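*Asks:* Sharing final08.txt (compact mmCIF, C-alpha atoms (C1' of nucleotides)) below.
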# COMPACT_ATOMS: atom_id res chain seq x y z
CA MET A 1 131.69 112.98 110.04
CA GLU A 2 132.64 116.45 108.92
CA PHE A 3 129.75 118.80 108.42
CA GLN A 4 130.78 119.62 104.87
CA GLU A 5 131.06 115.96 104.03
CA ALA A 6 127.67 115.19 105.51
CA LYS A 7 126.13 118.07 103.64
CA ASP A 8 127.53 116.91 100.30
CA LYS A 9 126.41 113.39 100.96
CA PHE A 10 122.92 114.53 101.78
CA ILE A 11 122.65 116.67 98.65
CA GLN A 12 123.97 113.80 96.61
CA ALA A 13 121.52 111.32 98.11
CA TRP A 14 118.58 113.63 97.58
CA GLY A 15 119.61 114.09 93.97
CA THR A 16 119.64 110.35 93.41
CA LEU A 17 116.26 109.95 95.04
CA GLY A 18 114.95 112.69 92.79
CA THR A 19 116.20 110.86 89.72
CA ASP A 20 114.39 107.71 90.83
CA TRP A 21 111.23 109.69 91.25
CA GLY A 22 111.33 111.31 87.86
CA VAL A 23 112.59 114.67 89.10
CA ASN A 24 115.78 115.83 87.54
CA ARG A 25 118.90 115.60 89.65
CA THR A 26 119.57 119.32 89.73
CA MET A 27 116.09 120.21 90.86
CA ALA A 28 116.32 117.76 93.73
CA GLN A 29 119.77 119.02 94.69
CA ILE A 30 118.68 122.62 94.79
CA HIS A 31 115.81 121.52 96.96
CA ALA A 32 118.17 119.68 99.29
CA LEU A 33 120.48 122.66 99.50
CA LEU A 34 117.68 125.03 100.40
CA LEU A 35 116.21 122.59 102.87
CA ILE A 36 119.32 122.52 104.96
CA SER A 37 120.18 126.15 104.61
CA PRO A 38 119.18 128.32 107.58
CA GLU A 39 119.24 131.39 105.35
CA ALA A 40 117.55 132.06 102.05
CA LEU A 41 120.03 131.80 99.16
CA CYS A 42 120.35 133.71 95.92
CA ALA A 43 120.91 132.27 92.46
CA GLU A 44 124.65 132.90 92.66
CA ASP A 45 124.95 130.98 95.93
CA ILE A 46 123.18 128.01 94.42
CA MET A 47 125.18 128.07 91.19
CA GLU A 48 128.38 128.18 93.12
CA GLU A 49 127.54 125.52 95.67
CA LEU A 50 126.26 123.04 93.09
CA LYS A 51 128.51 124.10 90.23
CA ILE A 52 125.75 124.61 87.74
CA SER A 53 125.04 127.23 85.12
CA ARG A 54 122.84 130.25 85.58
CA GLY A 55 120.22 128.96 83.16
CA ASN A 56 120.00 125.62 84.86
CA ALA A 57 119.69 127.21 88.29
CA ASN A 58 117.01 129.58 87.10
CA MET A 59 114.87 126.93 85.44
CA ASN A 60 114.98 124.53 88.31
CA ILE A 61 114.31 127.16 90.96
CA ARG A 62 111.32 128.12 88.90
CA ALA A 63 110.13 124.53 88.76
CA LEU A 64 110.51 124.19 92.52
CA MET A 65 108.44 127.31 93.00
CA SER A 66 105.72 126.01 90.73
CA TRP A 67 105.58 122.90 92.92
CA GLY A 68 105.20 125.15 95.95
CA LEU A 69 108.35 123.77 97.52
CA VAL A 70 110.39 126.94 97.32
CA ARG A 71 109.45 130.57 97.91
CA LYS A 72 110.96 133.78 96.66
CA GLU A 73 112.09 136.01 99.46
CA LEU A 74 113.01 139.64 99.13
CA LYS A 75 115.56 140.98 101.55
CA PRO A 76 115.25 144.66 102.37
CA GLY A 77 118.08 146.64 100.87
CA GLU A 78 119.01 143.76 98.54
CA ARG A 79 118.12 143.90 94.93
CA LYS A 80 118.41 140.29 93.95
CA GLU A 81 115.98 137.54 94.81
CA PHE A 82 116.55 135.01 97.54
CA PHE A 83 114.99 131.61 97.81
CA SER A 84 113.99 129.46 100.72
CA ALA A 85 112.43 126.01 100.99
CA GLU A 86 109.31 124.88 102.76
CA LYS A 87 110.72 123.02 105.74
CA ASN A 88 107.70 121.37 107.24
CA MET A 89 108.03 117.84 105.93
CA MET A 90 104.34 117.13 106.07
CA GLU A 91 103.77 120.14 103.85
CA VAL A 92 106.53 119.00 101.53
CA VAL A 93 104.94 115.59 101.15
CA LYS A 94 101.50 117.06 100.58
CA LYS A 95 102.76 119.41 97.91
CA ILE A 96 104.54 116.65 96.08
CA VAL A 97 101.62 114.28 96.35
CA SER A 98 99.14 116.80 95.04
CA GLN A 99 101.34 117.75 92.10
CA ARG A 100 101.91 114.19 91.08
CA LYS A 101 98.33 113.20 91.62
CA LYS A 102 97.24 115.90 89.24
CA LYS A 103 99.88 115.14 86.67
CA GLU A 104 99.76 111.35 86.78
CA LEU A 105 96.81 109.81 88.51
CA GLU A 106 94.09 112.06 87.16
CA PRO A 107 94.96 111.49 83.49
CA ILE A 108 94.95 107.73 83.96
CA LEU A 109 91.59 107.94 85.67
CA ALA A 110 90.26 109.91 82.74
CA ALA A 111 91.63 107.36 80.28
CA LEU A 112 90.12 104.48 82.23
CA GLU A 113 86.79 106.25 82.33
CA GLU A 114 86.77 106.54 78.56
CA VAL A 115 87.99 103.09 77.87
CA SER A 116 85.67 101.35 80.30
CA GLN A 117 82.68 102.13 78.06
CA THR A 118 83.82 99.46 75.63
CA GLU A 119 81.64 96.48 75.06
CA GLY A 120 82.26 93.26 73.25
CA GLU A 121 81.47 89.60 73.33
CA SER A 122 84.88 88.11 72.61
CA GLU A 123 87.01 86.50 75.26
CA GLU A 124 89.51 89.29 74.78
CA ALA A 125 86.96 92.04 75.24
CA LYS A 126 85.67 90.44 78.42
CA GLU A 127 89.10 90.13 79.94
CA PHE A 128 89.80 93.70 78.99
CA SER A 129 86.68 94.99 80.74
CA LYS A 130 87.46 92.99 83.82
CA VAL A 131 91.01 94.30 84.16
CA VAL A 132 90.01 97.84 83.36
CA ARG A 133 87.23 97.80 85.92
CA ASP A 134 89.64 96.47 88.52
CA ILE A 135 92.28 99.08 87.89
CA HIS A 136 89.66 101.75 87.78
CA LEU A 137 88.34 100.78 91.18
CA PHE A 138 91.81 100.70 92.61
CA SER A 139 92.77 104.03 91.15
CA LYS A 140 89.69 105.79 92.38
CA LYS A 141 90.39 104.46 95.83
CA ALA A 142 93.98 105.65 95.66
CA ASN A 143 92.79 109.00 94.44
CA SER A 144 90.44 109.57 97.33
CA THR A 145 92.98 108.28 99.83
CA LEU A 146 95.44 110.82 98.52
CA ASP A 147 92.85 113.56 98.72
CA THR A 148 92.36 112.73 102.35
CA LEU A 149 96.10 112.77 102.91
CA ILE A 150 96.46 116.14 101.23
CA LYS A 151 93.77 117.65 103.37
CA SER A 152 94.89 116.06 106.60
CA ASP A 153 96.92 117.89 109.17
CA ALA A 154 100.33 117.06 110.49
CA ASN A 155 98.97 114.78 113.16
CA TRP A 156 98.52 111.89 110.81
CA LEU A 157 101.86 110.63 111.89
CA ILE A 158 100.57 109.92 115.33
CA GLY A 159 97.67 107.95 114.19
CA SER A 160 94.32 109.56 113.73
CA PHE A 161 94.60 109.96 110.00
CA PHE A 162 93.99 106.42 108.90
CA LYS A 163 90.88 105.91 110.93
CA THR A 164 89.07 108.25 108.60
CA MET A 165 89.46 105.92 105.66
CA LYS A 166 87.59 102.97 104.47
CA MET B 1 84.26 102.70 71.43
CA GLU B 2 85.75 99.93 69.34
CA PHE B 3 87.52 97.26 71.29
CA GLN B 4 90.74 97.66 69.34
CA GLU B 5 90.71 101.39 69.88
CA ALA B 6 90.10 100.99 73.61
CA LYS B 7 92.90 98.47 73.85
CA ASP B 8 95.37 100.76 72.09
CA LYS B 9 94.32 103.66 74.23
CA PHE B 10 94.80 101.64 77.39
CA ILE B 11 98.26 100.43 76.38
CA GLN B 12 99.21 103.95 75.44
CA ALA B 13 97.97 105.37 78.76
CA TRP B 14 99.76 102.72 80.77
CA GLY B 15 102.97 103.48 78.89
CA THR B 16 102.69 107.15 79.73
CA LEU B 17 102.04 106.40 83.37
CA GLY B 18 105.09 104.15 83.39
CA THR B 19 107.23 106.96 82.00
CA ASP B 20 106.05 109.26 84.78
CA TRP B 21 106.95 106.63 87.32
CA GLY B 22 110.44 106.02 86.03
CA VAL B 23 109.62 102.80 84.23
CA ASN B 24 110.41 102.79 80.58
CA ARG B 25 107.53 103.07 78.18
CA THR B 26 108.04 99.69 76.58
CA MET B 27 108.14 97.82 79.86
CA ALA B 28 104.88 99.41 80.92
CA GLN B 29 103.27 98.68 77.56
CA ILE B 30 104.23 95.03 77.64
CA HIS B 31 102.77 94.88 81.11
CA ALA B 32 99.54 96.49 79.90
CA LEU B 33 99.30 94.10 76.97
CA LEU B 34 99.74 91.05 79.16
CA LEU B 35 97.32 92.38 81.76
CA ILE B 36 94.47 92.53 79.30
CA SER B 37 95.30 89.37 77.43
CA PRO B 38 93.25 86.33 78.45
CA GLU B 39 95.94 84.06 77.07
CA ALA B 40 99.65 83.96 77.74
CA LEU B 41 101.60 85.49 74.86
CA CYS B 42 104.96 84.61 73.35
CA ALA B 43 107.75 87.00 72.45
CA GLU B 44 106.65 87.14 68.82
CA ASP B 45 103.11 88.15 69.77
CA ILE B 46 104.42 90.98 71.89
CA MET B 47 106.91 92.18 69.30
CA GLU B 48 104.22 92.24 66.69
CA GLU B 49 101.53 93.90 68.75
CA LEU B 50 103.79 96.66 70.05
CA LYS B 51 106.06 96.87 67.02
CA ILE B 52 109.27 96.49 68.93
CA SER B 53 112.45 94.54 68.31
CA ARG B 54 113.26 91.13 69.67
CA GLY B 55 115.99 92.45 71.93
CA ASN B 56 113.80 95.11 73.38
CA ALA B 57 111.00 92.64 74.03
CA ASN B 58 113.34 90.17 75.66
CA MET B 59 114.95 92.68 77.98
CA ASN B 60 111.72 94.19 79.18
CA ILE B 61 109.98 90.87 79.68
CA ARG B 62 112.95 89.91 81.79
CA ALA B 63 112.67 93.08 83.82
CA LEU B 64 108.97 92.47 84.39
CA MET B 65 109.74 88.97 85.59
CA SER B 66 112.36 90.25 87.99
CA TRP B 67 109.72 92.57 89.42
CA GLY B 68 107.45 89.55 89.83
CA LEU B 69 104.79 91.07 87.61
CA VAL B 70 105.08 88.56 84.81
CA ARG B 71 105.52 84.79 84.84
CA LYS B 72 106.90 82.43 82.27
CA GLU B 73 104.39 79.83 81.23
CA LEU B 74 105.13 76.66 79.30
CA LYS B 75 102.42 75.33 77.08
CA PRO B 76 102.42 71.57 76.54
CA GLY B 77 103.43 70.73 73.01
CA GLU B 78 104.83 74.21 72.41
CA ARG B 79 108.49 74.84 72.35
CA LYS B 80 108.65 78.54 72.90
CA GLU B 81 107.99 80.40 76.12
CA PHE B 82 104.76 82.18 76.89
CA PHE B 83 104.26 84.99 79.34
CA SER B 84 101.38 86.03 81.50
CA ALA B 85 100.87 88.88 83.95
CA GLU B 86 99.84 88.82 87.56
CA LYS B 87 96.28 90.07 87.40
CA ASN B 88 95.38 90.59 91.01
CA MET B 89 95.78 94.33 91.36
CA MET B 90 96.54 94.20 95.05
CA GLU B 91 99.42 91.85 94.27
CA VAL B 92 100.58 94.12 91.47
CA VAL B 93 100.66 97.11 93.79
CA LYS B 94 102.48 95.17 96.50
CA LYS B 95 105.11 93.94 94.10
CA ILE B 96 105.75 97.41 92.75
CA VAL B 97 105.83 98.96 96.18
CA SER B 98 108.29 96.45 97.53
CA GLN B 99 110.61 96.79 94.56
CA ARG B 100 110.65 100.55 94.74
CA LYS B 101 110.95 100.61 98.48
CA LYS B 102 114.05 98.48 98.25
CA LYS B 103 115.54 100.44 95.41
CA GLU B 104 114.71 103.94 96.58
CA LEU B 105 113.60 104.31 100.13
CA GLU B 106 116.10 101.99 101.77
CA PRO B 107 119.17 103.70 100.28
CA ILE B 108 117.97 107.09 101.42
CA LEU B 109 117.35 105.72 104.90
CA ALA B 110 120.89 104.38 104.97
CA ALA B 111 122.30 107.71 103.83
CA LEU B 112 120.30 109.59 106.45
CA GLU B 113 121.49 107.20 109.10
CA GLU B 114 125.08 107.93 108.22
CA VAL B 115 124.67 111.62 107.85
CA SER B 116 122.69 112.12 111.02
CA GLN B 117 125.77 111.38 113.12
CA THR B 118 127.17 114.77 112.26
CA GLU B 119 127.67 117.30 114.98
CA GLY B 120 128.55 120.94 114.88
CA GLU B 121 127.93 124.20 116.62
CA SER B 122 127.36 126.49 113.66
CA GLU B 123 123.94 127.73 112.68
CA GLU B 124 124.30 125.75 109.47
CA ALA B 125 125.14 122.51 111.23
CA LYS B 126 122.20 122.89 113.57
CA GLU B 127 119.73 123.49 110.76
CA PHE B 128 121.18 120.53 108.95
CA SER B 129 120.68 118.20 111.93
CA LYS B 130 117.16 119.40 112.40
CA VAL B 131 116.13 118.81 108.79
CA VAL B 132 117.89 115.49 108.60
CA ARG B 133 116.26 114.27 111.80
CA ASP B 134 112.87 115.32 110.47
CA ILE B 135 113.26 113.58 107.15
CA HIS B 136 114.66 110.55 108.87
CA LEU B 137 111.64 110.28 111.12
CA PHE B 138 109.32 110.71 108.20
CA SER B 139 111.10 108.15 106.07
CA LYS B 140 111.15 105.54 108.77
CA LYS B 141 107.44 106.02 109.23
CA ALA B 142 106.86 105.69 105.50
CA ASN B 143 109.03 102.61 105.45
CA SER B 144 107.10 100.82 108.13
CA THR B 145 103.78 101.89 106.66
CA LEU B 146 104.82 100.36 103.36
CA ASP B 147 105.95 97.21 105.12
CA THR B 148 102.50 96.90 106.60
CA LEU B 149 100.95 97.47 103.21
CA ILE B 150 103.11 94.83 101.60
CA LYS B 151 102.18 92.29 104.19
CA SER B 152 98.52 93.15 104.29
CA ASP B 153 95.87 91.14 102.50
CA ALA B 154 93.54 92.26 99.79
CA ASN B 155 90.94 93.51 102.23
CA TRP B 156 92.73 96.75 102.88
CA LEU B 157 90.44 98.32 100.36
CA ILE B 158 87.47 97.86 102.58
CA GLY B 159 89.02 99.43 105.56
CA SER B 160 90.66 97.32 108.17
CA PHE B 161 94.18 97.96 106.99
CA PHE B 162 94.65 101.46 108.19
CA LYS B 163 93.46 100.83 111.68
CA THR B 164 96.59 98.83 112.32
CA MET B 165 98.82 101.83 111.94
CA LYS B 166 99.84 104.56 114.22
C1' DC C 1 116.26 158.51 80.74
C1' DG C 2 120.37 155.57 81.06
C1' DT C 3 122.93 152.28 82.95
C1' DA C 4 124.05 148.71 86.12
C1' DA C 5 122.20 144.71 88.40
C1' DC C 6 119.75 140.99 87.92
C1' DT C 7 116.57 137.42 85.55
C1' DT C 8 114.81 134.88 81.70
C1' DT C 9 114.99 132.53 77.42
C1' DC C 10 116.42 129.29 74.15
C1' DA C 11 119.35 127.20 70.35
C1' DA C 12 123.26 124.43 70.56
C1' DT C 13 125.54 120.89 72.93
C1' DT C 14 126.29 117.24 76.09
C1' DT C 15 124.74 113.48 78.74
C1' DT C 16 121.75 109.83 79.68
C1' DT C 17 118.61 106.30 78.44
C1' DA C 18 116.21 103.20 75.27
C1' DT C 19 116.15 100.48 71.10
C1' DT C 20 117.71 97.87 67.30
C1' DG C 21 119.42 93.98 64.92
C1' DA C 22 122.55 90.70 64.07
C1' DA C 23 125.78 87.41 66.13
C1' DA C 24 126.40 84.26 69.88
C1' DT C 25 124.47 81.05 72.90
C1' DA C 26 121.25 77.73 74.42
C1' DT C 27 117.64 74.19 73.96
C1' DT C 28 114.85 70.67 71.80
C1' DT C 29 113.91 67.19 68.51
C1' DC C 30 114.82 63.62 65.41
C1' DG D 1 125.04 65.07 67.38
C1' DA D 2 123.49 68.10 64.06
C1' DA D 3 119.80 70.78 62.34
C1' DA D 4 116.02 73.55 63.66
C1' DT D 5 114.01 76.57 66.78
C1' DA D 6 114.34 79.89 70.60
C1' DT D 7 116.60 83.03 73.61
C1' DT D 8 120.18 86.20 75.12
C1' DT D 9 123.65 89.53 74.61
C1' DC D 10 125.65 93.71 73.33
C1' DA D 11 127.94 97.19 70.33
C1' DA D 12 126.07 100.54 67.48
C1' DT D 13 122.47 103.85 66.85
C1' DA D 14 118.60 106.59 67.86
C1' DA D 15 115.75 109.17 70.90
C1' DA D 16 114.93 111.83 74.93
C1' DA D 17 116.29 114.76 78.63
C1' DA D 18 119.29 117.92 80.94
C1' DT D 19 122.67 121.59 80.73
C1' DT D 20 125.22 125.42 79.09
C1' DG D 21 126.13 130.09 77.98
C1' DA D 22 125.44 134.03 75.79
C1' DA D 23 121.99 137.26 74.15
C1' DA D 24 117.65 139.39 75.15
C1' DG D 25 114.68 141.08 78.48
C1' DT D 26 113.45 143.34 83.07
C1' DT D 27 113.70 146.20 86.90
C1' DA D 28 115.19 149.66 90.06
C1' DC D 29 117.97 153.42 91.17
C1' DG D 30 120.52 157.80 90.55
Here is a file; write its structure as structure tokens.
*Replies:*
Amino acid sequence: MEFQEAKDKFIQAWGTLGTDWGVNRTMAQIHALLLISPEALCAEDIMEELKISRGNANMNIRALMSWGLVRKELKPGERKEFFSAEKNMMEVVKKIVSQRKKKELEPILAALEEVSQTEGESEEAKEFSKVVRDIHLFSKKANSTLDTLIKSDANWLIGSFFKTMK
Amino acid sequence: MEFQEAKDKFIQAWGTLGTDWGVNRTMAQIHALLLISPEALCAEDIMEELKISRGNANMNIRALMSWGLVRKELKPGERKEFFSAEKNMMEVVKKIVSQRKKKELEPILAALEEVSQTEGESEEAKEFSKVVRDIHLFSKKANSTLDTLIKSDANWLIGSFFKTMK
DNA sequence: CGTAACTTTCAATTTTTATTGAAATATTTC
DNA sequence: GAAATATTTCAATAAAAATTGAAAGTTACG
């Protein structure tokens, strides 16, 4: 396969994955582009390569930076900003997990906490409490598992990570 | 908190979580409603409770069934169909994980497989291969970890599950 | 300063996704 | 087998999300 073809395919695939995961296509594609680029790129480079507008590029680069997946890099003698991606995959996963945990898991935990105070004698109320308690338990477990993951080092892949959980 | 209030809050929260996870709000809300209902409900019940149209209800119930999260139930003497949710949370998680794995992880694995054949001498091509190999390794690991999860029994929560991985 | 280079913002527009509702299809009962 | 009851489909519509592009805002250099 031609390099250019492979590159396009990769960027495309990453964009689709992003869409599935609730990240917009462009953001994921910029990420992909920076991941495979040996050099930091400027806004123009990104706009050109992905054929997107300046505003779109700017907003999504910004979002990637707020996720900690992309850094601004200043080249000496150059006035414009360059951007480069975090390339350590373990770090990438950790950053994504901690962002999503904060945005998604923590609010549901808070809601479950609130809602689990409910009492009631009806069949309905009993079933409700049971399900809520169950989900709550599960979510708290997931939450602490993710905390462990986020704190763990890159060696988890070779096995020691999981032993720490129960 | 009033039971009705708690119920609404729970359905609302589940809908929001669904949205974050790329599931449409209505599908997640129907799921929430069935989860906390001690009795199977019919389409009318669901339409009324969530204030949605017949078509919307039908389509999303169907989707939930295709995910294996909801079952059709026939009540003797009743002509219409009733629906009930899988309530074992471990099963729920497994079903969701296996659906999303198939839909999202497997395609990216296939794309990486293809794309990792690329060769090239340029700096760019080398960086590309390196990143692709890294992601590939990571994804395969994630894939097999999820396979183990899907096959595991409900006891994973109390610890034995993770020991099996390395 | 002033101006050129670059970045940010945001209202308007386009694109994508979800929802409705009514017609078509299917199923059960008498 | 036809009327009554349920379910499915799908074109039209509405709602939500992403994108553009041009104007406003910054910054850095002579």
*Asks:* Chain B residues within 8 Å of chain A, counting only C-alpha atoms: which ones, as number ranges by chain?
*Replies:* B: 1-3, 6-7, 9-10, 13-14, 17, 20-22, 35-38, 87, 89, 104, 108, 111-112, 115, 117-120, 123-125, 127-128, 131, 134-135, 138, 141, 157-160, 162-163, 165-166
*Asks:* All in-order C-alpha pairs, least squares, chain B moved onto chain A. Output the fitted coordinates as a CSV table (one decimal) with C-alpha atoms, in the coordinates of the input, please.
*Replies:*
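Final output, saved to selection30.csv:
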chain,number,residue,atom,x,y,z
B,1,MET,CA,131.7,113.0,110.1
B,2,GLU,CA,132.6,116.4,108.9
B,3,PHE,CA,129.8,118.8,108.4
B,4,GLN,CA,130.8,119.6,104.9
B,5,GLU,CA,131.0,115.9,104.0
B,6,ALA,CA,127.6,115.2,105.5
B,7,LYS,CA,126.1,118.1,103.6
B,8,ASP,CA,127.5,116.9,100.3
B,9,LYS,CA,126.4,113.4,101.0
B,10,PHE,CA,122.9,114.5,101.8
B,11,ILE,CA,122.6,116.7,98.6
B,12,GLN,CA,124.0,113.8,96.6
B,13,ALA,CA,121.5,111.3,98.1
B,14,TRP,CA,118.6,113.6,97.6
B,15,GLY,CA,119.6,114.1,94.0
B,16,THR,CA,119.6,110.3,93.4
B,17,LEU,CA,116.2,109.9,95.1
B,18,GLY,CA,114.9,112.7,92.8
B,19,THR,CA,116.2,110.8,89.7
B,20,ASP,CA,114.4,107.7,90.8
B,21,TRP,CA,111.2,109.7,91.3
B,22,GLY,CA,111.3,111.3,87.9
B,23,VAL,CA,112.6,114.6,89.1
B,24,ASN,CA,115.8,115.8,87.6
B,25,ARG,CA,118.9,115.6,89.7
B,26,THR,CA,119.5,119.3,89.7
B,27,MET,CA,116.1,120.2,90.9
B,28,ALA,CA,116.3,117.8,93.7
B,29,GLN,CA,119.8,119.0,94.7
B,30,ILE,CA,118.7,122.6,94.8
B,31,HIS,CA,115.8,121.5,97.0
B,32,ALA,CA,118.2,119.7,99.3
B,33,LEU,CA,120.5,122.7,99.5
B,34,LEU,CA,117.7,125.0,100.4
B,35,LEU,CA,116.2,122.6,102.9
B,36,ILE,CA,119.3,122.5,105.0
B,37,SER,CA,120.2,126.2,104.6
B,38,PRO,CA,119.2,128.3,107.6
B,39,GLU,CA,119.3,131.4,105.4
B,40,ALA,CA,117.6,132.1,102.0
B,41,LEU,CA,120.0,131.8,99.2
B,42,CYS,CA,120.3,133.7,95.9
B,43,ALA,CA,120.9,132.3,92.5
B,44,GLU,CA,124.6,132.9,92.7
B,45,ASP,CA,124.9,131.0,95.9
B,46,ILE,CA,123.2,128.0,94.4
B,47,MET,CA,125.1,128.1,91.2
B,48,GLU,CA,128.3,128.2,93.1
B,49,GLU,CA,127.5,125.5,95.6
B,50,LEU,CA,126.2,123.0,93.1
B,51,LYS,CA,128.5,124.1,90.2
B,52,ILE,CA,125.7,124.6,87.7
B,53,SER,CA,125.0,127.3,85.1
B,54,ARG,CA,122.8,130.3,85.6
B,55,GLY,CA,120.2,129.0,83.2
B,56,ASN,CA,120.0,125.6,84.8
B,57,ALA,CA,119.6,127.2,88.3
B,58,ASN,CA,117.0,129.6,87.1
B,59,MET,CA,114.8,126.9,85.4
B,60,ASN,CA,114.9,124.5,88.3
B,61,ILE,CA,114.3,127.2,90.9
B,62,ARG,CA,111.3,128.1,88.9
B,63,ALA,CA,110.1,124.5,88.8
B,64,LEU,CA,110.5,124.2,92.5
B,65,MET,CA,108.4,127.3,93.0
B,66,SER,CA,105.7,126.0,90.7
B,67,TRP,CA,105.6,122.9,92.9
B,68,GLY,CA,105.2,125.2,95.9
B,69,LEU,CA,108.3,123.8,97.5
B,70,VAL,CA,110.4,127.0,97.3
B,71,ARG,CA,109.4,130.6,97.9
B,72,LYS,CA,111.0,133.8,96.7
B,73,GLU,CA,112.1,136.0,99.5
B,74,LEU,CA,113.1,139.7,99.2
B,75,LYS,CA,115.6,140.9,101.6
B,76,PRO,CA,115.4,144.6,102.5
B,77,GLY,CA,118.2,146.6,101.0
B,78,GLU,CA,119.1,143.7,98.6
B,79,ARG,CA,118.3,143.9,95.0
B,80,LYS,CA,118.5,140.3,94.0
B,81,GLU,CA,116.0,137.6,94.8
B,82,PHE,CA,116.6,135.0,97.5
B,83,PHE,CA,115.0,131.6,97.8
B,84,SER,CA,114.0,129.5,100.7
B,85,ALA,CA,112.4,126.0,101.0
B,86,GLU,CA,109.3,124.9,102.8
B,87,LYS,CA,110.7,123.0,105.7
B,88,ASN,CA,107.7,121.4,107.2
B,89,MET,CA,108.0,117.9,105.9
B,90,MET,CA,104.3,117.2,106.1
B,91,GLU,CA,103.8,120.2,103.8
B,92,VAL,CA,106.5,119.0,101.5
B,93,VAL,CA,104.9,115.6,101.2
B,94,LYS,CA,101.5,117.1,100.6
B,95,LYS,CA,102.8,119.4,97.9
B,96,ILE,CA,104.6,116.6,96.1
B,97,VAL,CA,101.6,114.3,96.3
B,98,SER,CA,99.2,116.8,95.0
B,99,GLN,CA,101.4,117.7,92.1
B,100,ARG,CA,102.0,114.2,91.1
B,101,LYS,CA,98.4,113.2,91.6
B,102,LYS,CA,97.3,115.9,89.2
B,103,LYS,CA,99.9,115.1,86.7
B,104,GLU,CA,99.8,111.3,86.8
B,105,LEU,CA,96.9,109.8,88.5
B,106,GLU,CA,94.1,112.0,87.1
B,107,PRO,CA,95.0,111.5,83.5
B,108,ILE,CA,95.0,107.7,83.9
B,109,LEU,CA,91.6,107.9,85.7
B,110,ALA,CA,90.3,109.9,82.7
B,111,ALA,CA,91.6,107.4,80.3
B,112,LEU,CA,90.1,104.5,82.2
B,113,GLU,CA,86.8,106.3,82.3
B,114,GLU,CA,86.8,106.6,78.6
B,115,VAL,CA,88.0,103.1,77.9
B,116,SER,CA,85.7,101.4,80.3
B,117,GLN,CA,82.7,102.1,78.1
B,118,THR,CA,83.8,99.5,75.7
B,119,GLU,CA,81.7,96.5,75.1
B,120,GLY,CA,82.3,93.2,73.3
B,121,GLU,CA,81.5,89.6,73.4
B,122,SER,CA,84.9,88.1,72.7
B,123,GLU,CA,87.0,86.5,75.3
B,124,GLU,CA,89.5,89.3,74.8
B,125,ALA,CA,87.0,92.0,75.3
B,126,LYS,CA,85.7,90.4,78.5
B,127,GLU,CA,89.1,90.1,80.0
B,128,PHE,CA,89.8,93.7,79.0
B,129,SER,CA,86.7,95.0,80.8
B,130,LYS,CA,87.5,93.0,83.9
B,131,VAL,CA,91.0,94.3,84.2
B,132,VAL,CA,90.0,97.9,83.4
B,133,ARG,CA,87.2,97.8,85.9
B,134,ASP,CA,89.6,96.5,88.5
B,135,ILE,CA,92.3,99.1,87.9
B,136,HIS,CA,89.6,101.8,87.8
B,137,LEU,CA,88.3,100.8,91.2
B,138,PHE,CA,91.8,100.7,92.6
B,139,SER,CA,92.8,104.1,91.1
B,140,LYS,CA,89.7,105.8,92.4
B,141,LYS,CA,90.4,104.5,95.8
B,142,ALA,CA,94.0,105.7,95.6
B,143,ASN,CA,92.8,109.0,94.4
B,144,SER,CA,90.5,109.6,97.3
B,145,THR,CA,93.0,108.3,99.8
B,146,LEU,CA,95.5,110.8,98.5
B,147,ASP,CA,92.9,113.6,98.7
B,148,THR,CA,92.4,112.7,102.3
B,149,LEU,CA,96.1,112.8,102.9
B,150,ILE,CA,96.5,116.2,101.2
B,151,LYS,CA,93.8,117.7,103.3
B,152,SER,CA,94.9,116.1,106.5
B,153,ASP,CA,96.9,117.9,109.2
B,154,ALA,CA,100.3,117.1,110.5
B,155,ASN,CA,99.0,114.7,113.1
B,156,TRP,CA,98.6,111.9,110.7
B,157,LEU,CA,101.9,110.6,111.9
B,158,ILE,CA,100.6,109.8,115.3
B,159,GLY,CA,97.7,107.9,114.1
B,160,SER,CA,94.3,109.5,113.7
B,161,PHE,CA,94.6,109.9,109.9
B,162,PHE,CA,94.0,106.4,108.8
B,163,LYS,CA,91.0,105.8,110.9
B,164,THR,CA,89.1,108.2,108.6
B,165,MET,CA,89.4,105.9,105.6
B,166,LYS,CA,87.6,102.9,104.5
*Asks:* Looking at only C-alpha atoms (C1' of nucleotides), which of A:Ser84, A:Asn58, A:Ser144, A:Thr26 is the one that sits closest to chain C?
*Replies:* A:Asn58
*Asks:* Provide as a list in words the residues of chain B at most 12 Å from chain D, counting only C-alpha atoms (C1' of nucleotides).
*Replies:*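 Residues satisfying the distance criterion: Thr19, Asn24, Arg25, Cys42, Ala43, Glu44, Arg54, Gly55, Asn56, Ala57, Asn58, Met59, Ile61, Arg62, Glu78, Arg79, Lys80, Glu81 and Phe82 of chain B.
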*Asks:* Which value, in Å to one decimal, gives the distance between atom CA of A:His136 and atom CA of A:Lys101?
*Replies:* 14.9 Å
*Asks:* What lies within 10 Å of B:Leu146 using all atoms listed in the file, ignoring chain neighbours under 5 positions off, as a list of chain:residue names?
*Replies:*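 Non-adjacent residues within range: B:Lys94, B:Val97, B:Ser98, B:Lys101, B:Lys140, B:Lys141, B:Lys151, B:Ser152.
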*Asks:* If I take atom CA of A:Lys95 and atom CA of B:Glu91, how far is one from the other in Å, to one decimal?
*Replies:*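 Value for the atom CA of A:Lys95-atom CA of B:Glu91 distance: 28.0 Å.
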*Asks:* Enter the distance from atom CA of B:Thr145 to atom CA of A:Asp147, in Å, rounded to one decimal.
*Replies:*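 About the pair atom CA of B:Thr145 and atom CA of A:Asp147: they are 17.9 Å apart.
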*Asks:* When distances are computed from only C-alpha atoms (C1' of nucleotides), which of C:DT3, C:DT9, C:DT27, C:DT14 shows the smallest separation from chain B?
*Replies:*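 Checking each of C:DT3, C:DT9, C:DT27, C:DT14 against chain B, counting only C-alpha atoms (C1' of nucleotides), the winner is C:DT27.
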